>>> print(open('query_28.pdb').read())   # PDB, N, CA and C atoms, pLDDT in the B column
ATOM      1  N   MET D   1       0.841  -1.165   0.000  1.00 66.00           N
ATOM      2  CA  MET D   1       0.000   0.000   0.000  1.00 66.00           C
ATOM      3  C   MET D   1       0.894   1.239   0.000  1.00 66.00           C
ATOM      4  N   ARG D   2       0.506   2.205  -0.782  1.00 76.00           N
ATOM      5  CA  ARG D   2       1.275   3.436  -0.896  1.00 76.00           C
ATOM      6  C   ARG D   2       0.463   4.598  -0.340  1.00 76.00           C
ATOM      7  N   THR D   3       1.113   5.454   0.423  1.00 79.00           N
ATOM      8  CA  THR D   3       0.449   6.598   1.030  1.00 79.00           C
ATOM      9  C   THR D   3       0.756   7.856   0.227  1.00 79.00           C
ATOM     10  N   ASP D   4      -0.247   8.692   0.030  1.00 80.00           N
ATOM     11  CA  ASP D   4      -0.066   9.953  -0.681  1.00 80.00           C
ATOM     12  C   ASP D   4       0.680  10.948   0.203  1.00 80.00           C
ATOM     13  N   PHE D   5       1.520  11.744  -0.428  1.00 84.00           N
ATOM     14  CA  PHE D   5       2.221  12.822   0.265  1.00 84.00           C
ATOM     15  C   PHE D   5       1.267  13.994   0.413  1.00 84.00           C
ATOM     16  N   ARG D   6       1.106  14.491   1.622  1.00 89.00           N
ATOM     17  CA  ARG D   6       0.205  15.603   1.911  1.00 89.00           C
ATOM     18  C   ARG D   6       1.013  16.801   2.405  1.00 89.00           C
ATOM     19  N   PRO D   7       1.454  17.688   1.488  1.00 91.00           N
ATOM     20  CA  PRO D   7       2.297  18.811   1.906  1.00 91.00           C
ATOM     21  C   PRO D   7       1.577  19.825   2.794  1.00 91.00           C
ATOM     22  N   ALA D   8       0.257  19.925   2.674  1.00 91.00           N
ATOM     23  CA  ALA D   8      -0.470  20.883   3.515  1.00 91.00           C
ATOM     24  C   ALA D   8      -0.367  20.491   4.984  1.00 91.00           C
ATOM     25  N   ARG D   9      -0.448  19.218   5.268  1.00 92.00           N
ATOM     26  CA  ARG D   9      -0.298  18.763   6.658  1.00 92.00           C
ATOM     27  C   ARG D   9       1.105  19.021   7.175  1.00 92.00           C
ATOM     28  N   LEU D  10       2.094  18.874   6.305  1.00 92.00           N
ATOM     29  CA  LEU D  10       3.473  19.145   6.687  1.00 92.00           C
ATOM     30  C   LEU D  10       3.656  20.615   7.029  1.00 92.00           C
ATOM     31  N   VAL D  11       3.119  21.505   6.210  1.00 92.00           N
ATOM     32  CA  VAL D  11       3.249  22.946   6.441  1.00 92.00           C
ATOM     33  C   VAL D  11       2.573  23.330   7.760  1.00 92.00           C
ATOM     34  N   LEU D  12       1.370  22.836   7.976  1.00 92.00           N
ATOM     35  CA  LEU D  12       0.674  23.165   9.229  1.00 92.00           C
ATOM     36  C   LEU D  12       1.396  22.604  10.446  1.00 92.00           C
ATOM     37  N   GLY D  13       1.874  21.389  10.334  1.00 93.00           N
ATOM     38  CA  GLY D  13       2.599  20.783  11.454  1.00 93.00           C
ATOM     39  C   GLY D  13       3.855  21.556  11.799  1.00 93.00           C
ATOM     40  N   LEU D  14       4.617  21.957  10.790  1.00 93.00           N
ATOM     41  CA  LEU D  14       5.834  22.719  11.051  1.00 93.00           C
ATOM     42  C   LEU D  14       5.535  24.100  11.632  1.00 93.00           C
ATOM     43  N   ALA D  15       4.467  24.728  11.157  1.00 91.00           N
ATOM     44  CA  ALA D  15       4.111  26.052  11.689  1.00 91.00           C
ATOM     45  C   ALA D  15       3.708  25.968  13.157  1.00 91.00           C
ATOM     46  N   PHE D  16       2.944  24.962  13.504  1.00 90.00           N
ATOM     47  CA  PHE D  16       2.526  24.861  14.902  1.00 90.00           C
ATOM     48  C   PHE D  16       3.651  24.357  15.798  1.00 90.00           C
ATOM     49  N   LEU D  17       4.589  23.597  15.249  1.00 94.00           N
ATOM     50  CA  LEU D  17       5.787  23.263  16.016  1.00 94.00           C
ATOM     51  C   LEU D  17       6.636  24.507  16.261  1.00 94.00           C
ATOM     52  N   LEU D  18       6.702  25.381  15.270  1.00 91.00           N
ATOM     53  CA  LEU D  18       7.406  26.651  15.451  1.00 91.00           C
ATOM     54  C   LEU D  18       6.742  27.489  16.537  1.00 91.00           C
ATOM     55  N   ALA D  19       5.415  27.546  16.521  1.00 89.00           N
ATOM     56  CA  ALA D  19       4.695  28.304  17.556  1.00 89.00           C
ATOM     57  C   ALA D  19       4.955  27.707  18.938  1.00 89.00           C
ATOM     58  N   ALA D  20       4.956  26.387  19.031  1.00 90.00           N
ATOM     59  CA  ALA D  20       5.239  25.751  20.320  1.00 90.00           C
ATOM     60  C   ALA D  20       6.669  26.050  20.764  1.00 90.00           C
ATOM     61  N   GLY D  21       7.602  26.037  19.828  1.00 90.00           N
ATOM     62  CA  GLY D  21       8.984  26.357  20.167  1.00 90.00           C
ATOM     63  C   GLY D  21       9.147  27.792  20.650  1.00 90.00           C
ATOM     64  N   LEU D  22       8.417  28.715  20.017  1.00 88.00           N
ATOM     65  CA  LEU D  22       8.474  30.110  20.465  1.00 88.00           C
ATOM     66  C   LEU D  22       7.938  30.255  21.887  1.00 88.00           C
ATOM     67  N   TYR D  23       6.848  29.574  22.187  1.00 87.00           N
ATOM     68  CA  TYR D  23       6.288  29.659  23.532  1.00 87.00           C
ATOM     69  C   TYR D  23       7.192  28.977  24.558  1.00 87.00           C
ATOM     70  N   LEU D  24       7.845  27.884  24.166  1.00 89.00           N
ATOM     71  CA  LEU D  24       8.792  27.240  25.082  1.00 89.00           C
ATOM     72  C   LEU D  24       9.994  28.144  25.339  1.00 89.00           C
ATOM     73  N   ALA D  25      10.453  28.855  24.316  1.00 88.00           N
ATOM     74  CA  ALA D  25      11.547  29.811  24.512  1.00 88.00           C
ATOM     75  C   ALA D  25      11.108  30.949  25.433  1.00 88.00           C
ATOM     76  N   ASP D  26       9.854  31.351  25.320  1.00 87.00           N
ATOM     77  CA  ASP D  26       9.330  32.393  26.201  1.00 87.00           C
ATOM     78  C   ASP D  26       9.264  31.890  27.646  1.00 87.00           C
ATOM     79  N   LEU D  27       8.834  30.645  27.811  1.00 88.00           N
ATOM     80  CA  LEU D  27       8.787  30.081  29.161  1.00 88.00           C
ATOM     81  C   LEU D  27      10.174  29.959  29.779  1.00 88.00           C
ATOM     82  N   ALA D  28      11.159  29.651  28.956  1.00 89.00           N
ATOM     83  CA  ALA D  28      12.521  29.511  29.458  1.00 89.00           C
ATOM     84  C   ALA D  28      13.151  30.872  29.766  1.00 89.00           C
ATOM     85  N   GLY D  29      12.515  31.952  29.340  1.00 86.00           N
ATOM     86  CA  GLY D  29      13.017  33.286  29.625  1.00 86.00           C
ATOM     87  C   GLY D  29      13.968  33.820  28.576  1.00 86.00           C
ATOM     88  N   ASN D  30      14.098  33.124  27.442  1.00 78.00           N
ATOM     89  CA  ASN D  30      15.021  33.577  26.395  1.00 78.00           C
ATOM     90  C   ASN D  30      14.452  34.730  25.582  1.00 78.00           C
ATOM     91  N   ASN D  31      13.168  34.731  25.363  1.00 77.00           N
ATOM     92  CA  ASN D  31      12.523  35.757  24.543  1.00 77.00           C
ATOM     93  C   ASN D  31      11.298  36.288  25.281  1.00 77.00           C
ATOM     94  N   ASP D  32      10.855  37.456  24.851  1.00 82.00           N
ATOM     95  CA  ASP D  32       9.594  37.987  25.358  1.00 82.00           C
ATOM     96  C   ASP D  32       8.615  37.984  24.192  1.00 82.00           C
ATOM     97  N   ILE D  33       7.848  36.905  24.077  1.00 82.00           N
ATOM     98  CA  ILE D  33       6.921  36.701  22.965  1.00 82.00           C
ATOM     99  C   ILE D  33       5.515  37.099  23.427  1.00 82.00           C
ATOM    100  N   PRO D  34       4.843  37.996  22.692  1.00 85.00           N
ATOM    101  CA  PRO D  34       3.459  38.327  23.049  1.00 85.00           C
ATOM    102  C   PRO D  34       2.539  37.124  22.822  1.00 85.00           C
ATOM    103  N   TRP D  35       1.444  37.072  23.559  1.00 81.00           N
ATOM    104  CA  TRP D  35       0.538  35.925  23.467  1.00 81.00           C
ATOM    105  C   TRP D  35      -0.130  35.832  22.110  1.00 81.00           C
ATOM    106  N   TRP D  36      -0.308  36.945  21.416  1.00 86.00           N
ATOM    107  CA  TRP D  36      -1.035  36.961  20.154  1.00 86.00           C
ATOM    108  C   TRP D  36      -0.155  36.601  18.957  1.00 86.00           C
ATOM    109  N   THR D  37       1.090  36.254  19.173  1.00 85.00           N
ATOM    110  CA  THR D  37       2.014  35.926  18.081  1.00 85.00           C
ATOM    111  C   THR D  37       1.526  34.740  17.255  1.00 85.00           C
ATOM    112  N   VAL D  38       0.838  33.825  17.892  1.00 83.00           N
ATOM    113  CA  VAL D  38       0.401  32.617  17.180  1.00 83.00           C
ATOM    114  C   VAL D  38      -0.692  32.926  16.146  1.00 83.00           C
ATOM    115  N   LEU D  39      -1.416  34.014  16.301  1.00 88.00           N
ATOM    116  CA  LEU D  39      -2.502  34.332  15.364  1.00 88.00           C
ATOM    117  C   LEU D  39      -1.992  34.621  13.951  1.00 88.00           C
ATOM    118  N   PRO D  40      -1.033  35.524  13.746  1.00 91.00           N
ATOM    119  CA  PRO D  40      -0.533  35.709  12.374  1.00 91.00           C
ATOM    120  C   PRO D  40       0.239  34.492  11.867  1.00 91.00           C
ATOM    121  N   LEU D  41       0.900  33.798  12.776  1.00 89.00           N
ATOM    122  CA  LEU D  41       1.616  32.584  12.381  1.00 89.00           C
ATOM    123  C   LEU D  41       0.642  31.519  11.891  1.00 89.00           C
ATOM    124  N   ALA D  42      -0.458  31.338  12.600  1.00 87.00           N
ATOM    125  CA  ALA D  42      -1.463  30.356  12.183  1.00 87.00           C
ATOM    126  C   ALA D  42      -2.161  30.794  10.900  1.00 87.00           C
ATOM    127  N   GLY D  43      -2.456  32.072  10.774  1.00 91.00           N
ATOM    128  CA  GLY D  43      -3.087  32.567   9.548  1.00 91.00           C
ATOM    129  C   GLY D  43      -2.198  32.377   8.328  1.00 91.00           C
ATOM    130  N   GLY D  44      -0.928  32.718   8.473  1.00 92.00           N
ATOM    131  CA  GLY D  44       0.015  32.516   7.376  1.00 92.00           C
ATOM    132  C   GLY D  44       0.190  31.045   7.046  1.00 92.00           C
ATOM    133  N   ALA D  45       0.209  30.206   8.076  1.00 91.00           N
ATOM    134  CA  ALA D  45       0.339  28.760   7.847  1.00 91.00           C
ATOM    135  C   ALA D  45      -0.879  28.205   7.122  1.00 91.00           C
ATOM    136  N   LEU D  46      -2.059  28.709   7.458  1.00 92.00           N
ATOM    137  CA  LEU D  46      -3.264  28.240   6.766  1.00 92.00           C
ATOM    138  C   LEU D  46      -3.252  28.651   5.296  1.00 92.00           C
ATOM    139  N   ILE D  47      -2.780  29.861   5.011  1.00 95.00           N
ATOM    140  CA  ILE D  47      -2.690  30.305   3.619  1.00 95.00           C
ATOM    141  C   ILE D  47      -1.671  29.468   2.852  1.00 95.00           C
ATOM    142  N   LEU D  48      -0.497  29.237   3.451  1.00 93.00           N
ATOM    143  CA  LEU D  48       0.518  28.404   2.800  1.00 93.00           C
ATOM    144  C   LEU D  48       0.047  26.958   2.629  1.00 93.00           C
ATOM    145  N   ALA D  49      -0.655  26.436   3.626  1.00 93.00           N
ATOM    146  CA  ALA D  49      -1.158  25.063   3.532  1.00 93.00           C
ATOM    147  C   ALA D  49      -2.219  24.948   2.440  1.00 93.00           C
ATOM    148  N   THR D  50      -3.036  25.963   2.298  1.00 94.00           N
ATOM    149  CA  THR D  50      -4.032  25.957   1.229  1.00 94.00           C
ATOM    150  C   THR D  50      -3.362  25.951  -0.135  1.00 94.00           C
ATOM    151  N   ALA D  51      -2.347  26.788  -0.295  1.00 95.00           N
ATOM    152  CA  ALA D  51      -1.623  26.822  -1.568  1.00 95.00           C
ATOM    153  C   ALA D  51      -0.927  25.489  -1.839  1.00 95.00           C
ATOM    154  N   ALA D  52      -0.312  24.920  -0.819  1.00 94.00           N
ATOM    155  CA  ALA D  52       0.374  23.636  -0.999  1.00 94.00           C
ATOM    156  C   ALA D  52      -0.625  22.522  -1.297  1.00 94.00           C
ATOM    157  N   GLY D  53      -1.770  22.540  -0.648  1.00 93.00           N
ATOM    158  CA  GLY D  53      -2.796  21.531  -0.900  1.00 93.00           C
ATOM    159  C   GLY D  53      -3.365  21.622  -2.308  1.00 93.00           C
ATOM    160  N   LEU D  54      -3.618  22.842  -2.763  1.00 94.00           N
ATOM    161  CA  LEU D  54      -4.126  23.017  -4.126  1.00 94.00           C
ATOM    162  C   LEU D  54      -3.094  22.603  -5.165  1.00 94.00           C
ATOM    163  N   LEU D  55      -1.846  22.930  -4.924  1.00 94.00           N
ATOM    164  CA  LEU D  55      -0.784  22.528  -5.839  1.00 94.00           C
ATOM    165  C   LEU D  55      -0.643  21.005  -5.881  1.00 94.00           C
ATOM    166  N   ALA D  56      -0.664  20.376  -4.727  1.00 91.00           N
ATOM    167  CA  ALA D  56      -0.559  18.914  -4.676  1.00 91.00           C
ATOM    168  C   ALA D  56      -1.760  18.253  -5.343  1.00 91.00           C
ATOM    169  N   TYR D  57      -2.942  18.820  -5.151  1.00 91.00           N
ATOM    170  CA  TYR D  57      -4.138  18.287  -5.802  1.00 91.00           C
ATOM    171  C   TYR D  57      -4.007  18.376  -7.318  1.00 91.00           C
ATOM    172  N   GLY D  58      -3.518  19.505  -7.806  1.00 92.00           N
ATOM    173  CA  GLY D  58      -3.330  19.667  -9.243  1.00 92.00           C
ATOM    174  C   GLY D  58      -2.313  18.685  -9.806  1.00 92.00           C
ATOM    175  N   VAL D  59      -1.236  18.457  -9.069  1.00 89.00           N
ATOM    176  CA  VAL D  59      -0.215  17.501  -9.516  1.00 89.00           C
ATOM    177  C   VAL D  59      -0.781  16.093  -9.533  1.00 89.00           C
ATOM    178  N   ARG D  60      -1.500  15.697  -8.469  1.00 87.00           N
ATOM    179  CA  ARG D  60      -2.091  14.347  -8.424  1.00 87.00           C
ATOM    180  C   ARG D  60      -3.106  14.154  -9.539  1.00 87.00           C
ATOM    181  N   ARG D  61      -3.883  15.181  -9.812  1.00 87.00           N
ATOM    182  CA  ARG D  61      -4.898  15.079 -10.861  1.00 87.00           C
ATOM    183  C   ARG D  61      -4.249  14.961 -12.244  1.00 87.00           C
ATOM    184  N   ALA D  62      -3.197  15.732 -12.472  1.00 86.00           N
ATOM    185  CA  ALA D  62      -2.496  15.657 -13.754  1.00 86.00           C
ATOM    186  C   ALA D  62      -1.830  14.296 -13.931  1.00 86.00           C
ATOM    187  N   ARG D  63      -1.280  13.755 -12.858  1.00 83.00           N
ATOM    188  CA  ARG D  63      -0.649  12.432 -12.946  1.00 83.00           C
ATOM    189  C   ARG D  63      -1.678  11.343 -13.213  1.00 83.00           C
ATOM    190  N   SER D  64      -2.845  11.472 -12.606  1.00 80.00           N
ATOM    191  CA  SER D  64      -3.866  10.443 -12.820  1.00 80.00           C
ATOM    192  C   SER D  64      -4.409  10.499 -14.247  1.00 80.00           C
ATOM    193  N   ARG D  65      -4.412  11.672 -14.853  1.00 81.00           N
ATOM    194  CA  ARG D  65      -4.852  11.777 -16.245  1.00 81.00           C
ATOM    195  C   ARG D  65      -3.855  11.124 -17.196  1.00 81.00           C
ATOM    196  N   ARG D  66      -2.562  11.258 -16.887  1.00 80.00           N
ATOM    197  CA  ARG D  66      -1.536  10.688 -17.749  1.00 80.00           C
ATOM    198  C   ARG D  66      -1.318   9.204 -17.504  1.00 80.00           C
ATOM    199  N   ALA D  67      -1.760   8.700 -16.358  1.00 70.00           N
ATOM    200  CA  ALA D  67      -1.514   7.300 -16.008  1.00 70.00           C
ATOM    201  C   ALA D  67      -2.273   6.371 -16.943  1.00 70.00           C
ATOM    202  N   ASP D  68      -1.665   5.256 -17.214  1.00 63.00           N
ATOM    203  CA  ASP D  68      -2.287   4.235 -18.048  1.00 63.00           C
ATOM    204  C   ASP D  68      -3.251   3.422 -17.185  1.00 63.00           C
ATOM    205  N   PRO D  69      -4.510   3.308 -17.561  1.00 63.00           N
ATOM    206  CA  PRO D  69      -5.459   2.552 -16.743  1.00 63.00           C
ATOM    207  C   PRO D  69      -5.076   1.077 -16.596  1.00 63.00           C
ATOM    208  N   ALA D  70      -4.292   0.550 -17.524  1.00 62.00           N
ATOM    209  CA  ALA D  70      -3.884  -0.844 -17.430  1.00 62.00           C
ATOM    210  C   ALA D  70      -2.900  -1.064 -16.292  1.00 62.00           C
ATOM    211  N   ASP D  71      -2.222  -0.001 -15.824  1.00 62.00           N
ATOM    212  CA  ASP D  71      -1.253  -0.137 -14.746  1.00 62.00           C
ATOM    213  C   ASP D  71      -1.913  -0.170 -13.374  1.00 62.00           C
ATOM    214  N   ASP D  72      -3.155   0.215 -13.274  1.00 62.00           N
ATOM    215  CA  ASP D  72      -3.856   0.231 -11.995  1.00 62.00           C
ATOM    216  C   ASP D  72      -4.178  -1.186 -11.548  1.00 62.00           C
ATOM    217  N   PRO D  73      -4.001  -1.469 -10.268  1.00 65.00           N
ATOM    218  CA  PRO D  73      -4.387  -2.792  -9.780  1.00 65.00           C
ATOM    219  C   PRO D  73      -5.891  -2.920  -9.741  1.00 65.00           C
ATOM    220  N   PRO D  74      -6.414  -4.128  -9.791  1.00 69.00           N
ATOM    221  CA  PRO D  74      -7.866  -4.294  -9.730  1.00 69.00           C
ATOM    222  C   PRO D  74      -8.382  -3.893  -8.350  1.00 69.00           C
ATOM    223  N   PRO D  75      -9.606  -3.380  -8.269  1.00 71.00           N
ATOM    224  CA  PRO D  75     -10.146  -2.960  -6.960  1.00 71.00           C
ATOM    225  C   PRO D  75     -10.338  -4.162  -6.033  1.00 71.00           C
ATOM    226  N   ALA D  76     -10.048  -3.928  -4.769  1.00 70.00           N
ATOM    227  CA  ALA D  76     -10.223  -4.981  -3.760  1.00 70.00           C
ATOM    228  C   ALA D  76     -11.669  -4.969  -3.285  1.00 70.00           C
ATOM    229  N   ASP D  77     -12.235  -6.127  -3.155  1.00 64.00           N
ATOM    230  CA  ASP D  77     -13.622  -6.237  -2.680  1.00 64.00           C
ATOM    231  C   ASP D  77     -13.695  -6.454  -1.198  1.00 64.00           C
TER     232      ASP D  77
END
>>> encode(input="query_28.pdb", output="structure tokens")
Amino acid sequence: MRTDFRPARLVLGLAFLLAAGLYLADLAGNNDIPWWTVLPLAGGALILATAAGLLAYGVRRARSRRADPADDPPPAD
């Protein structure tokens, strides 16, 4: 079984890991991060994830159009 690559999930995961890292740095006393910092970070991540998801969808759709139907395995019942 092969799993599809989902770049939108990767972008969102990395953005929220970055937000968690910023808050951990704030807790450690290294930085003074305002509480609202995550809002523009999350908004930007959602926009980037949308673009990455649409691009990946377009690539998958173009590949499926070019694929030979004879190469597809038969459906499992």
>>> atom_distance(input="query_28.pdb", atom1="atom CA of D:Ala51", atom2="atom CA of D:Trp35")
26.7 Å
>>> residues_around(input="query_28.pdb", residues="D:Ala56", least_positions_apart="5", cutoff="8 Å", atoms="all atoms listed in the file", output="list in words")
Phe5, Arg6, Pro7, Ala8, Thr50, Ala51, Arg61 and Ala62 of chain D
>>> atom_distance(input="query_28.pdb", atom1="atom N of D:Ala49", atom2="atom N of D:Leu12")
6.0 Å
>>> select_by_dssp(input="query_28.pdb", residues="chain D", states="helix (DSSP H, G or I)", output="JSON, numbers by chain")
{"D": [7, 8, 9, 10, 11, 12, 13, 14, 15, 16, 17, 18, 19, 20, 21, 22, 23, 24, 25, 26, 27, 28, 35, 36, 37, 38, 39, 40, 41, 42, 43, 44, 45, 46, 47, 48, 49, 50, 51, 52, 53, 54, 55, 56, 57, 58, 59, 60, 61, 62, 63, 64, 65, 66, 69, 70, 71]}
>>> closest_residue(input="query_28.pdb", among="D:Ala28, D:Val59, D:Ala76, D:Val11", to="D:Ala45", atoms="only N, CA and C atoms")
D:Val11
>>> atom_distance(input="query_28.pdb", atom1="atom C of D:Leu55", atom2="atom N of D:Leu10")
12.7 Å
>>> closest_residue(input="query_28.pdb", among="D:Pro75, D:Asp4, D:Val38, D:Asp32", to="D:Ala20", atoms="all atoms listed in the file")
D:Val38
